[in-house]
>>> print(open('upload-v1.csv').read())   # CSV, C-alpha atoms
chain,number,residue,atom,x,y,z
R,768,MET,CA,318.0,-95.9,170.1
R,769,ASN,CA,317.8,-99.5,171.3
R,770,PHE,CA,318.9,-101.2,168.2
R,771,LYS,CA,322.4,-102.7,167.4
R,772,PRO,CA,325.0,-100.4,165.8
R,773,SER,CA,325.8,-100.8,162.1
R,774,ILE,CA,329.0,-102.5,161.1
R,775,HIS,CA,329.3,-99.7,158.5
R,776,GLY,CA,329.8,-97.1,161.2
R,777,LEU,CA,333.3,-98.4,162.1
R,778,LEU,CA,336.6,-97.1,160.9
R,779,PRO,CA,339.5,-99.5,160.4
R,780,GLU,CA,340.9,-98.7,163.8
R,781,ASP,CA,337.5,-99.4,165.4
R,782,LEU,CA,337.5,-102.8,163.7
R,783,GLU,CA,341.0,-103.5,164.8
R,784,ALA,CA,340.0,-102.8,168.4
R,785,PHE,CA,337.0,-105.1,168.1
R,786,CYS,CA,339.2,-107.8,166.6
R,787,LYS,CA,341.7,-107.5,169.5
R,788,GLU,CA,338.8,-107.7,172.0
R,789,LYS,CA,337.7,-111.0,170.4
R,790,GLY,CA,341.2,-112.4,170.2
R,791,GLN,CA,341.5,-112.1,166.4
R,792,PRO,CA,344.6,-110.8,164.6
R,793,ALA,CA,344.7,-107.2,163.5
R,794,PHE,CA,344.6,-108.1,159.8
R,795,ARG,CA,341.0,-109.3,160.2
R,796,ALA,CA,340.0,-105.6,160.3
R,797,LYS,CA,341.3,-105.0,156.8
R,798,GLN,CA,339.6,-108.2,155.6
R,799,ILE,CA,336.3,-107.0,157.0
R,800,PHE,CA,336.7,-103.5,155.5
R,801,ASP,CA,337.4,-105.1,152.1
R,802,TRP,CA,334.3,-107.2,152.3
R,803,LEU,CA,332.2,-104.2,153.3
R,804,TYR,CA,333.4,-101.6,150.7
R,805,VAL,CA,335.3,-103.3,147.9
R,806,LYS,CA,333.3,-106.5,147.5
R,807,ARG,CA,330.2,-104.9,149.1
R,808,VAL,CA,328.7,-108.1,150.4
R,809,SER,CA,325.2,-108.1,151.9
R,810,SER,CA,325.8,-110.3,155.0
R,811,PHE,CA,328.4,-111.5,157.4
R,812,ASP,CA,328.0,-115.1,156.1
R,813,GLU,CA,329.6,-114.0,152.8
R,814,MET,CA,332.9,-113.1,154.5
R,815,GLN,CA,334.3,-116.5,153.8
R,816,ASN,CA,337.9,-115.8,154.8
R,817,LEU,CA,336.8,-115.1,158.4
R,818,PRO,CA,336.3,-118.0,160.9
R,819,ALA,CA,332.7,-118.9,161.3
R,820,PRO,CA,332.7,-118.3,165.1
R,821,PHE,CA,334.1,-114.8,164.5
R,822,ARG,CA,331.4,-114.1,161.8
R,823,ALA,CA,328.8,-115.1,164.4
R,824,GLN,CA,330.4,-112.7,166.9
R,825,LEU,CA,330.1,-109.9,164.3
R,826,ALA,CA,326.5,-110.7,163.7
R,827,GLU,CA,325.7,-110.8,167.4
R,828,GLN,CA,327.3,-107.4,167.9
R,829,PHE,CA,326.4,-105.4,164.8
R,830,VAL,CA,323.6,-105.1,162.3
R,831,PHE,CA,324.5,-105.4,158.6
R,832,GLN,CA,321.6,-103.6,156.9
R,833,CYS,CA,320.7,-100.6,159.0
R,834,LEU,CA,318.1,-99.1,156.6
R,835,GLU,CA,315.5,-100.5,154.2
R,836,LYS,CA,314.7,-98.9,150.8
R,837,ILE,CA,310.9,-98.8,150.7
R,838,GLU,CA,310.2,-96.5,147.7
R,839,THR,CA,312.0,-95.3,144.6
R,840,THR,CA,310.7,-92.3,142.6
R,841,GLY,CA,312.1,-91.6,139.1
R,842,GLY,CA,313.6,-93.8,136.5
R,843,SER,CA,317.1,-95.2,135.9
R,844,GLY,CA,319.5,-92.7,134.4
R,845,GLU,CA,317.3,-89.8,135.7
R,846,THR,CA,317.1,-88.0,139.0
R,847,GLN,CA,315.8,-90.6,141.5
R,848,LYS,CA,314.6,-90.1,145.1
R,849,LEU,CA,314.9,-93.0,147.5
R,850,LEU,CA,312.9,-93.3,150.6
R,851,PHE,CA,314.5,-95.3,153.4
R,852,LYS,CA,313.1,-96.7,156.6
R,853,LEU,CA,315.6,-96.8,159.6
R,854,GLY,CA,315.8,-99.3,162.4
R,855,ASP,CA,313.4,-97.3,164.5
R,856,ASN,CA,310.9,-96.9,161.7
R,857,GLU,CA,311.9,-93.2,161.0
R,858,LEU,CA,312.1,-92.2,157.4
R,859,ILE,CA,314.7,-90.3,155.4
R,860,GLU,CA,315.1,-89.4,151.8
R,861,THR,CA,318.2,-89.6,149.5
R,862,VAL,CA,318.6,-88.4,146.0
R,863,ILE,CA,320.7,-89.7,143.0
R,864,ILE,CA,321.6,-86.9,140.6
R,865,PRO,CA,323.1,-88.1,137.3
R,866,ALA,CA,325.2,-86.0,134.9
R,867,PRO,CA,324.8,-88.1,131.7
R,868,ARG,CA,327.2,-86.1,129.6
R,869,ARG,CA,330.0,-86.4,132.1
R,870,LYS,CA,328.9,-90.0,133.0
R,871,LYS,CA,329.0,-89.0,136.7
R,872,ASN,CA,326.6,-89.6,139.5
R,873,THR,CA,326.1,-87.5,142.7
R,874,VAL,CA,324.3,-88.7,145.8
R,875,CYS,CA,322.6,-86.2,148.0
R,876,ILE,CA,322.4,-87.7,151.5
R,877,SER,CA,320.7,-86.9,154.7
R,878,SER,CA,322.4,-86.5,158.1
R,879,GLN,CA,319.4,-86.1,160.4
R,880,VAL,CA,315.8,-87.1,160.7
R,881,GLY,CA,314.3,-83.6,160.3
R,882,CYS,CA,316.1,-80.3,161.0
R,883,VAL,CA,315.9,-77.8,163.8
R,884,TYR,CA,316.5,-74.6,161.8
R,885,GLY,CA,313.2,-74.2,160.0
R,886,CYS,CA,314.3,-72.2,157.0
R,887,ALA,CA,311.1,-70.7,155.5
R,888,PHE,CA,311.6,-72.3,152.0
R,889,CYS,CA,312.8,-75.7,153.1
R,890,ALA,CA,310.5,-78.7,153.8
R,891,SER,CA,313.2,-80.6,155.8
R,892,GLY,CA,312.8,-78.5,158.9
R,893,GLN,CA,309.0,-77.8,158.9
R,894,LYS,CA,308.5,-80.3,161.8
R,895,GLY,CA,311.7,-79.9,163.7
R,896,VAL,CA,314.4,-82.5,164.3
R,897,ILE,CA,313.8,-86.0,165.6
R,898,ARG,CA,317.3,-87.4,165.9
R,899,ASN,CA,320.8,-87.5,164.3
R,900,LEU,CA,321.7,-90.3,161.9
R,901,THR,CA,324.6,-92.5,162.9
R,902,ALA,CA,327.7,-92.8,160.7
R,903,GLY,CA,326.6,-96.3,159.8
R,904,GLU,CA,323.2,-95.0,158.6
R,905,ILE,CA,324.8,-92.3,156.6
R,906,ILE,CA,327.2,-94.8,155.0
R,907,GLY,CA,324.1,-97.1,154.4
R,908,GLU,CA,322.6,-94.4,152.2
R,909,VAL,CA,325.7,-94.3,150.0
R,910,LEU,CA,325.9,-98.1,149.8
R,911,GLU,CA,322.2,-98.4,148.8
R,912,VAL,CA,322.8,-95.9,146.1
R,913,ALA,CA,325.9,-97.9,145.0
R,914,ASN,CA,323.6,-100.9,144.7
R,915,VAL,CA,321.2,-98.9,142.5
R,916,LEU,CA,324.0,-97.6,140.3
R,917,GLY,CA,326.0,-100.8,140.1
R,918,GLY,CA,329.0,-99.0,141.4
R,919,ARG,CA,330.0,-96.2,143.9
R,920,PRO,CA,328.7,-92.7,143.2
R,921,ASP,CA,331.3,-90.2,142.0
R,922,ASN,CA,330.3,-87.4,144.4
R,923,VAL,CA,328.7,-87.2,147.8
R,924,VAL,CA,327.0,-84.1,149.0
R,925,PHE,CA,325.6,-83.7,152.5
R,926,MET,CA,322.7,-81.5,151.3
R,927,GLY,CA,319.7,-83.7,152.2
R,928,ILE,CA,317.6,-83.6,155.3
R,929,GLY,CA,319.3,-82.1,158.4
R,930,GLU,CA,322.1,-79.8,159.3
R,931,PRO,CA,325.4,-81.8,159.1
R,932,PHE,CA,327.2,-79.6,161.7
R,933,ASP,CA,324.6,-80.4,164.3
R,934,ASN,CA,325.7,-84.0,163.9
R,935,TYR,CA,329.3,-83.1,163.5
R,936,ASP,CA,331.1,-86.2,164.9
R,937,GLU,CA,329.0,-88.8,163.1
R,938,VAL,CA,329.2,-86.8,159.8
R,939,MET,CA,333.0,-86.5,160.0
R,940,LYS,CA,333.3,-90.2,160.8
R,941,ALA,CA,331.2,-91.0,157.8
R,942,VAL,CA,333.4,-88.7,155.7
R,943,ARG,CA,336.5,-90.6,156.8
R,944,ILE,CA,334.9,-93.9,156.0
R,945,LEU,CA,333.9,-92.7,152.5
R,946,ASN,CA,337.3,-91.3,151.9
R,947,HIS,CA,339.3,-94.2,153.1
R,948,PRO,CA,341.6,-95.6,150.4
R,949,ASP,CA,340.9,-99.2,151.5
R,950,GLY,CA,337.1,-98.6,151.2
R,951,LEU,CA,335.0,-96.7,148.7
R,952,GLY,CA,337.9,-94.3,148.2
R,953,ILE,CA,335.8,-91.3,147.3
R,954,GLY,CA,338.2,-88.3,147.1
R,955,ALA,CA,337.8,-85.6,149.7
R,956,ARG,CA,337.3,-83.0,147.0
R,957,ARG,CA,334.3,-85.0,145.8
R,958,ILE,CA,332.6,-84.8,149.2
R,959,THR,CA,330.7,-81.6,150.0
R,960,ILE,CA,329.4,-80.6,153.4
R,961,SER,CA,326.6,-78.0,153.4
R,962,THR,CA,325.6,-75.9,156.3
R,963,CYS,CA,322.9,-73.3,156.9
R,964,GLY,CA,325.5,-71.2,158.7
R,965,VAL,CA,326.5,-73.0,161.9
R,966,VAL,CA,329.6,-71.0,162.7
R,967,PRO,CA,331.2,-73.4,165.3
R,968,GLY,CA,331.0,-76.2,162.7
R,969,ILE,CA,332.8,-74.1,160.1
R,970,GLN,CA,335.5,-73.4,162.7
R,971,ARG,CA,335.9,-77.0,163.6
R,972,LEU,CA,336.1,-78.1,160.0
R,973,ALA,CA,338.9,-75.7,159.4
R,974,GLU,CA,341.0,-77.7,161.9
R,975,GLU,CA,340.3,-81.1,160.4
R,976,GLY,CA,343.0,-81.1,157.7
R,977,LEU,CA,340.5,-82.6,155.1
R,978,GLN,CA,340.2,-81.2,151.6
R,979,VAL,CA,336.4,-81.6,151.6
R,980,GLU,CA,334.3,-79.0,149.9
R,981,LEU,CA,332.3,-76.6,152.1
R,982,SER,CA,329.0,-75.1,151.0
R,983,VAL,CA,327.2,-72.4,152.9
R,984,SER,CA,323.5,-71.6,152.5
R,985,LEU,CA,323.3,-67.8,152.3
R,986,HIS,CA,320.1,-67.0,150.4
R,987,ALA,CA,320.1,-63.3,151.2
R,988,PRO,CA,322.4,-60.3,150.7
R,989,ASP,CA,321.8,-58.7,154.1
R,990,GLU,CA,320.9,-59.4,157.7
R,991,GLU,CA,317.3,-58.3,157.5
R,992,VAL,CA,316.3,-60.5,154.5
R,993,ARG,CA,318.3,-63.5,155.8
R,994,ALA,CA,316.7,-63.3,159.2
R,995,LYS,CA,313.2,-63.5,157.6
R,996,LEU,CA,314.2,-66.6,155.5
R,997,MET,CA,316.6,-68.3,157.9
R,998,PRO,CA,316.1,-68.3,161.7
R,999,VAL,CA,319.7,-69.4,162.1
R,1000,ASN,CA,320.7,-65.8,161.4
R,1001,GLU,CA,319.4,-64.9,164.9
R,1002,THR,CA,322.1,-67.2,166.4
R,1003,TRP,CA,324.9,-66.5,164.0
R,1004,PRO,CA,324.3,-63.3,162.1
R,1005,MET,CA,325.5,-62.9,158.6
R,1006,ALA,CA,328.4,-60.7,159.5
R,1007,GLU,CA,329.7,-63.3,162.0
R,1008,LEU,CA,329.1,-66.1,159.5
R,1009,LEU,CA,331.1,-64.3,156.7
R,1010,ASP,CA,333.9,-63.6,159.2
R,1011,ALA,CA,334.1,-67.3,159.9
R,1012,CYS,CA,334.0,-68.1,156.2
R,1013,ARG,CA,336.9,-65.7,155.5
R,1014,ALA,CA,338.9,-67.3,158.4
R,1015,TYR,CA,338.1,-70.7,157.0
R,1016,THR,CA,339.4,-69.7,153.6
R,1017,GLU,CA,342.6,-68.2,155.0
R,1018,LYS,CA,343.2,-71.3,157.1
R,1019,THR,CA,342.5,-74.0,154.5
R,1020,ASN,CA,343.1,-72.3,151.2
R,1021,ARG,CA,339.8,-73.8,150.1
R,1022,ILE,CA,337.1,-71.8,148.3
R,1023,ILE,CA,333.6,-71.8,149.8
R,1024,THR,CA,330.6,-72.2,147.6
R,1025,PHE,CA,327.6,-70.0,148.7
R,1026,GLU,CA,324.2,-71.4,147.9
R,1027,TYR,CA,321.6,-68.7,147.0
R,1028,ILE,CA,318.0,-69.7,146.3
R,1029,LEU,CA,316.4,-67.0,144.1
R,1030,ILE,CA,312.9,-66.0,145.3
R,1031,LYS,CA,310.7,-63.6,143.4
R,1032,GLY,CA,310.4,-60.2,145.0
R,1033,ILE,CA,312.4,-61.2,148.1
R,1034,ASN,CA,316.1,-61.6,147.2
R,1035,ASP,CA,316.3,-61.2,143.4
R,1036,ALA,CA,316.7,-57.5,142.7
R,1037,PRO,CA,319.7,-56.0,141.0
R,1038,GLU,CA,320.6,-53.9,144.0
R,1039,GLN,CA,320.5,-57.1,146.1
R,1040,ALA,CA,323.0,-58.7,143.7
R,1041,ARG,CA,325.3,-55.7,144.1
R,1042,GLU,CA,325.0,-55.9,147.9
R,1043,LEU,CA,325.9,-59.6,147.7
R,1044,VAL,CA,329.0,-58.7,145.6
R,1045,ARG,CA,330.0,-56.2,148.3
R,1046,ARG,CA,329.6,-58.8,151.1
R,1047,LEU,CA,331.6,-61.4,149.3
R,1048,SER,CA,334.4,-59.2,148.0
R,1049,ARG,CA,336.6,-59.8,151.0
R,1050,PHE,CA,337.7,-63.3,150.1
R,1051,PRO,CA,337.5,-65.7,147.1
R,1052,SER,CA,334.2,-67.5,146.7
R,1053,ARG,CA,331.8,-69.2,144.4
R,1054,VAL,CA,328.1,-68.7,144.2
R,1055,ASN,CA,325.4,-71.2,143.1
R,1056,LEU,CA,322.2,-69.4,142.1
R,1057,ILE,CA,319.2,-71.8,142.4
R,1058,PRO,CA,315.7,-71.1,141.3
R,1059,LEU,CA,313.2,-71.7,144.1
R,1060,SER,CA,311.5,-75.1,144.1
R,1061,PRO,CA,307.9,-75.2,145.4
R,1062,VAL,CA,307.3,-76.2,149.0
R,1063,GLU,CA,303.8,-76.5,150.4
R,1064,GLU,CA,304.5,-74.5,153.5
R,1065,PHE,CA,306.1,-71.5,151.6
R,1066,ASP,CA,304.2,-69.3,149.1
R,1067,GLY,CA,307.2,-67.8,147.4
R,1068,GLU,CA,307.8,-68.1,143.7
R,1069,ARG,CA,310.8,-68.5,141.4
R,1070,PRO,CA,311.8,-65.3,139.5
R,1071,ASP,CA,311.4,-65.1,135.7
R,1072,SER,CA,314.4,-66.1,133.5
R,1073,GLU,CA,315.4,-62.5,132.7
R,1074,THR,CA,315.5,-61.5,136.4
R,1075,MET,CA,317.7,-64.5,137.2
R,1076,LYS,CA,319.9,-63.8,134.2
R,1077,THR,CA,320.4,-60.1,135.4
R,1078,PHE,CA,321.3,-61.2,138.9
R,1079,PHE,CA,323.8,-63.7,137.5
R,1080,GLN,CA,325.4,-61.2,135.2
R,1081,ILE,CA,326.0,-58.7,138.0
R,1082,LEU,CA,327.9,-61.3,140.0
R,1083,GLU,CA,329.9,-62.5,137.0
R,1084,LYS,CA,330.9,-59.0,136.0
R,1085,ALA,CA,332.1,-58.4,139.5
R,1086,GLY,CA,334.5,-61.3,139.1
R,1087,ILE,CA,332.6,-63.8,141.3
R,1088,ASN,CA,332.6,-67.3,139.9
R,1089,THR,CA,328.8,-67.9,139.6
R,1090,THR,CA,326.6,-70.7,138.3
R,1091,LEU,CA,322.9,-70.4,137.6
R,1092,ARG,CA,321.8,-73.9,138.3
R,1093,ASP,CA,318.8,-75.8,136.9
R,1094,SER,CA,317.4,-77.4,140.1
R,1095,LYS,CA,316.9,-81.0,139.2
R,1096,GLY,CA,314.2,-83.3,140.6
R,1097,SER,CA,311.6,-80.7,141.4
R,1098,ALA,CA,308.8,-82.8,139.8
R,1099,LEU,CA,309.8,-85.6,142.2
R,1100,LYS,CA,310.0,-83.2,145.2
R,1101,ALA,CA,313.7,-84.1,145.2
R,1102,ALA,CA,315.2,-80.7,144.5
R,1103,CYS,CA,316.9,-78.3,146.9
R,1104,GLY,CA,314.6,-77.6,149.9
R,1105,GLN,CA,312.0,-80.2,149.0
R,1106,LEU,CA,313.3,-83.3,151.0
R,1107,ARG,CA,311.4,-83.9,154.2
R,1108,ALA,CA,311.3,-86.4,157.1
R,1109,ARG,CA,308.1,-88.4,156.7
R,1110,ARG,CA,306.3,-90.8,159.0
R,1111,LEU,CA,304.8,-94.2,158.2
>>> encode(input="upload-v1.csv", output="structure tokens")
Amino acid sequence: MNFKPSIHGLLPEDLEAFCKEKGQPAFRAKQIFDWLYVKRVSSFDEMQNLPAPFRAQLAEQFVFQCLEKIETTGGSGETQKLLFKLGDNELIETVIIPAPRRKKNTVCISSQVGCVYGCAFCASGQKGVIRNLTAGEIIGEVLEVANVLGGRPDNVVFMGIGEPFDNYDEVMKAVRILNHPDGLGIGARRITISTCGVVPGIQRLAEEGLQVELSVSLHAPDEEVRAKLMPVNETWPMAELLDACRAYTEKTNRIITFEYILIKGINDAPEQARELVRRLSRFPSRVNLIPLSPVEEFDGERPDSETMKTFFQILEKAGINTTLRDSKGSALKAACGQLRARRL
């Protein structure tokens, strides 16, 4: 990439280093951070308590707006999908998911342009991966959503386009910026990182000391079915993945949520629910059951309501905390598995 880095990709200590390099006092870093995330200004010129020459140096070194919103699908107060153009003209999608009764908003953000793993039911990886997003671009998604909402979102989930653990360093930098008390101050437990099963990423996250939520896409009760749906299973088989999940839980005392998309005739049978119970019985966990949302490249169907209810009840009766979710945004192609990297 040959464009300037985003100012929003810097932690306070990075800003302090830049201030020192330019002969500015360290407190300037906190001023900048305040302008970026508390006042949420839209240009360096608005940072009025910074000397004009220093504002010019910031503008020379960094870009302020690193993505451009070019399309919004869905109405205010409903699920909305935002299409963003990046500095190199690549496109990503971000989703706002409201919970009106709780008066909360969740933003589902992307971490890559495309995805390398090619899950059969997911549009995001149908054309592979183009590049990682920078921390600044990731933060840019959240700030653009804050502009739409008129305030910061309550929850951030890394469940959009891309595999977060394939962009580990930039994702973790973005998490720390989102979580910083002098910035947006989004609580760690309100930030969820979702992985398709990249074992080294789970192992690294266990050492971070952050109380973020971890979500693991399982989508099958056994190796054979999972390998057909998720090529990642060839690299990190389900047995190895669940061993890593158990170790993560023991290390962090955090409960992992397993995502399970229900697909008619493939992974929705009662015996498959019982096998899933057996697999997950070694450590505490939660399961999100999600009806399949249509994707052009995959001819699977969602099960009928009674089949999904039976699957849910088997898990619940076994003592596994289970939710049968209504996948929101399907009509906008904004539901689980439907986001994709597009080209202009």
>>> closest_residue(input="upload-v1.csv", among="R:Asp949, R:Gly903, R:Val874, R:Ala941", to="Gln798 in chain R", atoms="only C-alpha atoms")
R:Asp949
>>> atom_distance(input="upload-v1.csv", atom1="CA of Gln824 in chain R", atom2="CA of Glu904 in chain R")
20.8 Å
>>> residues_around(input="upload-v1.csv", residues="Leu1043 in chain R", least_positions_apart="5", cutoff="8 Å", atoms="all atoms listed in the file", output="ChimeraX atom specification")
/R:987-989
>>> closest_residue(input="upload-v1.csv", among="R:Lys995, R:Ile906, R:Lys1018, R:Arg1013", to="Ile1033 in chain R", atoms="all atoms listed in the file")
R:Lys995
>>> residues_around(input="upload-v1.csv", residues="range 843-845 of chain R", least_positions_apart="4", cutoff="10 Å", atoms="all atoms listed in the file", output="PDB file with C-alpha atoms, keeping the file's coordinate frame")
ATOM      1  CA  ILE R 863     320.700 -89.700 143.000  1.00  0.00           C
ATOM      2  CA  ILE R 864     321.600 -86.900 140.600  1.00  0.00           C
ATOM      3  CA  PRO R 865     323.100 -88.100 137.300  1.00  0.00           C
ATOM      4  CA  ALA R 866     325.200 -86.000 134.900  1.00  0.00           C
ATOM      5  CA  PRO R 867     324.800 -88.100 131.700  1.00  0.00           C
ATOM      6  CA  LYS R 870     328.900 -90.000 133.000  1.00  0.00           C
ATOM      7  CA  ASN R 872     326.600 -89.600 139.500  1.00  0.00           C
ATOM      8  CA  VAL R 915     321.200 -98.900 142.500  1.00  0.00           C
ATOM      9  CA  LEU R 916     324.000 -97.600 140.300  1.00  0.00           C
ATOM     10  CA  LYS R1095     316.900 -81.000 139.200  1.00  0.00           C
ATOM     11  CA  GLY R1096     314.200 -83.300 140.600  1.00  0.00           C
TER      12      GLY R1096
END
>>> residues_around(input="upload-v1.csv", residues="Asp1066 in chain R", least_positions_apart="2", cutoff="12 Å", atoms="all atoms listed in the file", output="list in words")
Ala887, Phe888, Cys889, Ile1030, Lys1031, Gly1032, Ile1033, Leu1059, Ser1060, Pro1061, Val1062, Glu1063, Glu1064, Glu1068 and Arg1069 of chain R
>>> residues_around(input="upload-v1.csv", residues="Glu930 in chain R", least_positions_apart="6", cutoff="12 Å", atoms="only C-alpha atoms", output="ChimeraX atom specification")
/R:876-886,889,891-892,895-896,898-900,937-938,960-965,968,982-984,999
>>> closest_residue(input="upload-v1.csv", among="R:Arg1041, R:Phe821, R:Glu1026, R:Ala826", to="Pro792 in chain R", atoms="only C-alpha atoms")
R:Phe821
>>> closest_residue(input="upload-v1.csv", among="R:Asp921, R:Phe1078, R:Glu991, R:Ala902", to="Ile944 in chain R", atoms="only C-alpha atoms")
R:Ala902
>>> residues_around(input="upload-v1.csv", residues="Lys771 in chain R", least_positions_apart="5", cutoff="10 Å", atoms="all atoms listed in the file", output="compact mmCIF listing (two decimals) with C-alpha atoms, in the coordinates of the input")
# COMPACT_ATOMS: atom_id res chain seq x y z
CA ALA R 826 326.50 -110.70 163.70
CA GLU R 827 325.70 -110.80 167.40
CA GLN R 828 327.30 -107.40 167.90
CA PHE R 829 326.40 -105.40 164.80
CA VAL R 830 323.60 -105.10 162.30
CA PHE R 831 324.50 -105.40 158.60
CA CYS R 833 320.70 -100.60 159.00
CA GLY R 854 315.80 -99.30 162.40
>>> closest_residue(input="upload-v1.csv", among="R:Val862, R:Cys1012, R:Leu817, R:Leu945", to="Gln847 in chain R", atoms="only C-alpha atoms")
R:Val862
>>> closest_residue(input="upload-v1.csv", among="R:Arg971, R:Arg943, R:Arg868, R:Lys836", to="Val912 in chain R", atoms="all atoms listed in the file")
R:Lys836
>>> atom_distance(input="upload-v1.csv", atom1="CA of Gly776 in chain R", atom2="CA of Asp936 in chain R")
11.6 Å
